[in-house]
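First the structure, in the form of structure tokens, and then the observations on it.
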Amino acid sequence: MSFDYSGKTVFVAGGTSGINLGVAKAFAKAGARVSVLSRRQEKVNATVAALKALGAEANGYAADVRDYAAVEAALQAAHGQFGAFDVLVSGAAGNFPAKATGMSANAFKSVVDIDLLGTYHVLRAAHPLMKKPGGSIINISAPQAFLPMNMQMHVCSAKAGVDMVTRVGALEWGSEGLRVNSVVPGPIEGTEGMERLAPTEGARKAVIDSVPMKRYGQASEIADCCLWLGSDMAAYVTGAVIPVDGGWALGGATSLGQGFEQLAGG
Ligand code: HXC
Ligand code: NAP
């Protein structure tokens with residue numbers, strides 16, 4: 001199935017690497033004007049060049065999602081250039097494996113500030129700039145949002161909050177014709193997240209073993225779900241938390257927590 005996003009405007013927060021970059025590229029290939037935001041200017045520049053090479057109109061902003069004023073300024077600039085957002089994807093996140101007592105209070109706070117507060121910042125600043133009715137907001141969550149995992153108290157707490165931002169946003173903004181959903185990737189090939197959580201061949205094999213479909217997912221498979229959620233095909237879907245994970249969230253993801261512990265020597 002192919003989607004036509006010609007004339008549509010898409011903003012991807014955290015869209016300069018990994019899964020979110022795959023999402024940004026998919027919207028660009030489908031014809032959208034795409035804006036991205038992340039901290040590092042060189043990643044932003046490389047992404048904008050890659051999106052333009054796909055034939056899309058594109059722009060990007062270096063900003064930290066923990067800085068509300070910077071996020072708001074970037075969103076307003078993108079809105080000024082490309083117009084109201086048809087689709088907003090919020091996926092900036094941080095992760096490292098650490099026991100609850102093996103990290104400082106500031107380490108826990110850093111992840112909550114990026115994942116949860118950052119998501120709120122992006123949605124709060126984007127809300128007045130979204131197309132209404134018809135806009136679609138997609139938060140990139142993780143299985144940690146509903147499955148407790150060893151060495152992931154910070155991420156589990158933050159991503160559980162992200163899914164509640166999704167649900168409450170769907171409640172409050174549904175009457176405006178704005179939809180809010182979470183996409184929950186499983187373990188995705190070649191990403192920073194899985195490099196951090198399963199850095200060795202043994203760990204990678206353990207992950208694959210824990211997935212009912214016995215393979216890593218591809219960023220393009222997450223992007224496909226986002227293309228659908230942003231389209232009229234999903235016009236009555238809001239407040240949903242949708243795993244795209246080969247069945248990992250059915251239980252395998254939690255069992256892998258022991259793996260994170262061994263890998264980190266905890
Ligand atoms: C314990 C750690 C740590 C570690 C950092 N800290 N790494 N503590 N174990 N491995 C502590 C630091 O000592 C510091 O605490 C605090 O965390 C903040 O660290 P900084 O480096 O100063 O923060 P910052 O530069 O803001 O970086 C944020 C970060 C970093 C989250 C720590 O890793 C980052 O920028 N990550 C972005 C990329 C990323 O993580 N991508 C993967 C996303 S995957 P003190 O007390 O010393 O000040 C994902 C889910 C994957 O989200 C799910 C797969 C299933
Ligand atoms: P990634 O490549 O590290 O992507 C994170 C993106 O967010 C980058 O563009 C990064 O760019 C940006 N970012 C990080 N901190 C930021 C901040 N404070 N402010 C602004 N931008 C920031 O990671 P990934 O593994 O592809 O993960 C992408 C998303 O998928 C995350 O939400 C993650 O939780 C989720 N997820 C991943 C997996 C997986 O298998 N990898 C599984 C489940 C869920 P800068 O460094 O330039 O800021």
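Residues in the structure tokens are numbered from 1 in each chain, the chains being A, B, ... in the order shown, and ligands are numbered from 1 in the order shown.
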
* To do: Name the residues, by chain letter and number, that sit within 6 Å of ligand 2 using only C-alpha atoms and all ligand atoms, and give them as an NGL selection string.
  => :A and (14-20 or 38-40 or 43 or 63-66 or 91-94 or 114 or 140-142 or 184-188 or 191-194)

* To do: Would you list the contacts of A:Ala58 as a list in words, taking every protein, DNA or RNA residue within 6 Å and counting only C-alpha atoms, but skipping same-chain residues closer than 4 positions in sequence?
  => Arg33, Val34, Ser35 and Val48 of chain A

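Minimum distance to A:Gly134 across A:Glu42, A:Asp224, A:Glu195, A:Asp232 (counting only C-alpha atoms) occurs at A:Asp232.
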
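Reported to one decimal place, the separation of atom CA of A:Ala223 from atom CA of A:Cys156 is 22.7 Å.
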
* **Non-local contacts of stretch 69-72 of chain A (10 Å; only C-alpha atoms; under 2 positions in same chain excluded) as a list in words** =>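 With the cut-off at 10 Å, the set is Ala13, Leu37, Ser38, Tyr61, Ala62, Ala63, Asp64, Val65, Arg66, Asp67, Ala74, Leu75, Gln76, Ala77, Ala78, Gly118, His121, Val122, Leu123, Arg124, Ala125 and Ala126 of chain A.
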
* Could you name the residues that touch A:Ala84 at 10 Å or less, counting only C-alpha atoms, but leaving out those on the same chain fewer than 6 positions away, as an MDAnalysis selection string? -> chainID A and resid 8:11 75:76 78 126:132 135

* To do: Compile the contact shell of A:Val112 as a list in words: residues with an atom at most 8 Å away, counting only C-alpha atoms, same-chain residues fewer than 6 positions apart removed.
  =>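 Here the qualifying residues turn out to be His154, Val155, Ser157 and Ala158 of chain A.
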
Got a sec: who's within 9 Å of A:Gly247, counting only C-alpha atoms, leaving out chain neighbours fewer than 2 positions off, as a JSON list (two decimals) with N, CA and C atoms, in the first residue's frame?
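Listing of result_19.json after writing:
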```json
[["chain", "number", "residue", "atom", "x", "y", "z"],
["A", 186, "GLY", "N", 9.15, -2.52, 18.63],
["A", 186, "GLY", "CA", 9.91, -3.60, 19.25],
["A", 186, "GLY", "C", 11.38, -3.33, 19.04],
["A", 211, "VAL", "N", 11.64, -12.66, 20.79],
["A", 211, "VAL", "CA", 10.58, -12.09, 19.94],
["A", 211, "VAL", "C", 9.80, -13.23, 19.29],
["A", 212, "PRO", "N", 8.48, -13.29, 19.48],
["A", 212, "PRO", "CA", 7.71, -14.38, 18.86],
["A", 212, "PRO", "C", 7.98, -14.54, 17.36],
["A", 213, "MET", "N", 8.20, -13.44, 16.63],
["A", 213, "MET", "CA", 8.45, -13.55, 15.19],
["A", 213, "MET", "C", 9.92, -13.82, 14.85],
["A", 243, "PRO", "N", 1.53, -1.56, 19.53],
["A", 243, "PRO", "CA", 2.83, -2.22, 19.38],
["A", 243, "PRO", "C", 3.08, -2.61, 17.92],
["A", 244, "VAL", "N", 4.30, -2.35, 17.46],
["A", 244, "VAL", "CA", 4.74, -2.81, 16.13],
["A", 244, "VAL", "C", 6.05, -3.54, 16.44],
["A", 245, "ASP", "N", 5.93, -4.80, 16.86],
["A", 245, "ASP", "CA", 7.04, -5.40, 17.60],
["A", 245, "ASP", "C", 7.19, -6.91, 17.43],
["A", 249, "ALA", "N", 5.97, -7.54, 22.96],
["A", 249, "ALA", "CA", 5.31, -7.06, 24.18],
["A", 249, "ALA", "C", 4.42, -8.12, 24.83],
["A", 250, "LEU", "N", 4.29, -9.27, 24.17],
["A", 250, "LEU", "CA", 3.47, -10.33, 24.79],
["A", 250, "LEU", "C", 4.22, -10.97, 25.96],
["A", 251, "GLY", "N", 5.47, -10.65, 26.16],
["A", 251, "GLY", "CA", 6.18, -11.19, 27.32],
["A", 251, "GLY", "C", 7.68, -11.30, 27.15],
["A", 252, "GLY", "N", 8.14, -11.52, 25.93],
["A", 252, "GLY", "CA", 9.57, -11.70, 25.70],
["A", 252, "GLY", "C", 10.40, -10.50, 26.14]]
```

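Ranking A:Ala105, A:Val207, A:Leu21, A:Ala253 by their shortest atom-to-atom distance to A:Pro148, with only C-alpha atoms included, puts A:Ala253 first.
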
* Asked: When distances are computed from only C-alpha atoms and all ligand atoms, which of A:Val168, A:Ala240, A:Leu229, A:Ala107 shows the smallest separation from ligand 1?
  ->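 Selected residue with least distance to ligand 1: A:Ala107.
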
* Between atom CA of A:Met151 and atom CA of A:Pro97, what is the spacing in Å? ->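 So the answer is 5.1 Å.
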
* Asked: So how far away is atom CA of A:Leu51 from atom CA of A:Leu227, in Å?
  ->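 Spanning atom CA of A:Leu227 to atom CA of A:Leu51 is a straight-line distance of 16.1 Å.
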
* To do: Might you pull out every residue within 7 Å of A:Ala98, with only C-alpha atoms counted and same-chain residues fewer than 4 positions away left off, and present them as a PyMOL selection string?
  => chain A and resi 102-103+151-152

Generate the output file for the selected residues, C-alpha atoms, as a compact mmCIF listing (two decimals), in the first residue's frame.
```txt
# COMPACT_ATOMS: atom_id res chain seq x y z
CA GLY A 102 23.19 2.31 39.99
CA MET A 103 22.22 5.69 38.66
CA MET A 151 17.75 -1.77 34.56
CA GLN A 152 15.06 0.36 32.96
```

* Run DSSP on the backbone of this structure and report the residues of stretch 39-254 of chain A it assigns to strand (DSSP E or B), as a ChimeraX atom specification. => /A:58-62,85,87-90,130,136-140,179-185,188,217,241-244

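The residue that comes closest to ligand 1, out of A:Tyr236, A:Tyr216, A:Phe146, A:Phe108 and on the basis of only C-alpha atoms and all ligand atoms, is A:Phe108.
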
* Run DSSP on the backbone of this structure and report the residues of stretch 22-217 of chain A it assigns to alpha helix (DSSP H), as a PyMOL selection string. => chain A and resi 22-29+41-53+68-82+105-112+118-126+153-173+192-197+201-210

* Hey, which of A:Glu189, A:Asp86, A:Asp163, A:Glu57 ends up closest to ligand 1? Count only C-alpha atoms and all ligand atoms. -> A:Glu189

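Among the candidates A:Ile137, A:Val89, A:Ala46, A:Val241, the one nearest to A:Gly177 when counting only C-alpha atoms is A:Ile137.
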